[in-house]
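The block underneath contains the structure these notes are about, expressed in structure tokens.
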Amino acid sequence: MYMFLVAADMENHTIVTLKKGEGRTIKAGGAWIFDNEIDTITGKFTNGDIVVVHDFDGYPMGRGFINQNSKIRIRMMTRKADQLIDDDFLRMRVQNAWDYRKQVMAGGNDSVFLQGAASKGEAGSMPGIAGIGTTGRPDLNCCRVIFGEADFLPGITVDKYADVLVVECLALGMEQFKEKIVDFLKEVLAADGIKIRGVYERSDANERKKEGLPKVKGFIGEEFDTNVEIIENGVRYMVDVVNGQKTGFFLDQKYNRLAMQRICKDKKVLDCFTHMGTFALNAGIAGAKEVTGLDISEFAVKQATENAMRNNLSDTVKFRCANVLDELPHLAADGEKYDVVILDPPAFTKSREATKNAIKGYREINMKGLRLVKDGGYLATCSCSHFMTQELLARTVKEAAKAVHKRLRQVEFRTQGPDHPILWANTANVPESYYLKFFIFQVVEER
């Protein structure tokens, strides 16, 4: 049984009162209070302590942890001003997060057969096309199990890769709870028969500097082999949780990659910014006749190539190191055309101020990609920036299509997977949890 120790000044004495007319974000469903929204602070506290928040008229708004080093001055933990942030509270939050994943991540992998499975004595050698929620068995081999504010545990993310957990903590106030949350999560998973063999921390993002925190990277608990094989949509990957981007892998595109399987059978496919080969390998396992993946990172291309071998796809799925922005015009000049072009670029903007330049970047990459799509082919294009809204991305792609004389028919619009839930605030989505926008278009020539 864990003992929860709370400093006296964390427990009840500090009251933060908002200015009149402020607190719009938390009143609309969000989790953040900014420095310029606060009128007074009554009581003593240490950065990271839990404080009570009142509206300008004294109405209790809830409790959250405070940090005067950050422009996000308070991150709310609960809307109940009398709620203790103790072991029972944290265990409840963790259990709720896991129960949610068990419900919404059901059946995504179940109808996919691995290529080459027949040679191992398993049923089926050709890949099936998986549907989401096709059976009751949860698709939880790899997923995000805690997603910060959207799971009402602000500032902490936990990803599950098979039997390994990777933790990212970006808020000072969550540091005190981090290891408890991990322990409670291991208990919750064990109750469902899932044994975790190791936990690794990847709190090495620059955002920690804004909280007055150093970057942290290392084991929580005993050391273990940090190369982890996962299965997503029937594709096997080796994830390096120490050296991979973010926590080791981009889990948010799971069902977007699955959606592309329906389109890629018997097609010639170009996957740009392929990283570990994720979209390319989904195309390959769906039966694409030829797939090329491009990435500027030699390390990523090496990983992608090894993943192709791991899935017996080396004959049809090839990767090479190239700067995508430079390579696409060369391919167009050589007369190359593709049935499917996939654009999954890194975020071109991480601030509102840089959005204007980012629009130019998204317009340019989409123009270059569209020129390579055959008449009647398909373009998948996305943005992972908070500040590139759905409407802004749609307008930018529309401008790109007009510039290269292409017409677009929208097949579908998608966002991040349900293990990355989007917390809504009134009529707008809270920006800290809504970031991935993903369009699939059919591309036709103007006639």
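Labels for the structure tokens follow display order: chains A, B, ..., residues from 1 in each chain, ligands from 1.
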#### Entry: 9 Å contact set for Lys210 of chain A, only C-alpha atoms, chain neighbours under 4 positions out, as a ChimeraX atom specification
/A:69-71,171,206
Please produce a file of the residues just selected, as an mmCIF file, in the first residue's frame, where the atoms kept are C-alpha atoms.
data_model
loop_
_atom_site.group_PDB
_atom_site.id
_atom_site.type_symbol
_atom_site.label_atom_id
_atom_site.label_comp_id
_atom_site.auth_asym_id
_atom_site.auth_seq_id
_atom_site.Cartn_x
_atom_site.Cartn_y
_atom_site.Cartn_z
ATOM 1 C CA ASN A 69 8.170 29.509 -13.959
ATOM 2 C CA SER A 70 5.580 28.796 -16.635
ATOM 3 C CA LYS A 71 3.166 30.965 -18.576
ATOM 4 C CA ALA A 171 5.007 19.647 -16.088
ATOM 5 C CA ASN A 206 12.438 21.273 -24.892
#
### Task
Would you kindly return, as number ranges by chain, each protein, DNA or RNA residue with an atom no farther than 6 Å from any atom of segment 48-52 of chain A, considering only C-alpha atoms and excluding same-chain residues fewer than 3 positions away?
A: 10, 14-15, 62-67, 172-173
### Message
Using only C-alpha atoms, which protein or nucleic acid residues come within 8 Å of Arg75 of chain A? Drop anything in the same chain fewer than 2 positions from it, and give the result as number ranges by chain.
### Response
A: 31-33, 64-66, 72-73, 77, 154
### Task
Could you tell me, as a ChimeraX atom specification, which residues of segment 306-363 of chain A DSSP assigns to helix (DSSP H, G or I) when given the backbone?
/A:306-310,324-333,352-363
### Query
If you run DSSP on the backbone, which residues of segment 1-221 of chain A are strand (DSSP E), as a ChimeraX atom specification?
/A:15-18,32-34,38-42,50-54,60-66,72-78,142-147,156-161,164-169,198-203,216-219
### Message
Need the shell around Ala190 of chain A: protein/DNA/RNA residues with any atom at most 12 Å away, counting only C-alpha atoms. Skip same-chain ones fewer than 6 positions apart. Format as a VMD selection string?
### Response
chain A and resid 95 98 163 183 to 184 196 to 197
### Message
Between atom CA of Asn36 of chain A and atom CA of Lys209 of chain A, what is the distance in Å, rounded to a tenth?
### Response
19.8 Å
### Message
From the options A:Phe438, A:Tyr378, A:Phe249, A:Tyr338, which residue's atoms come nearest to Cys143 of chain A, counting only C-alpha atoms?
### Response
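Among the listed residues, A:Phe249 lies closest to Cys143 of chain A.
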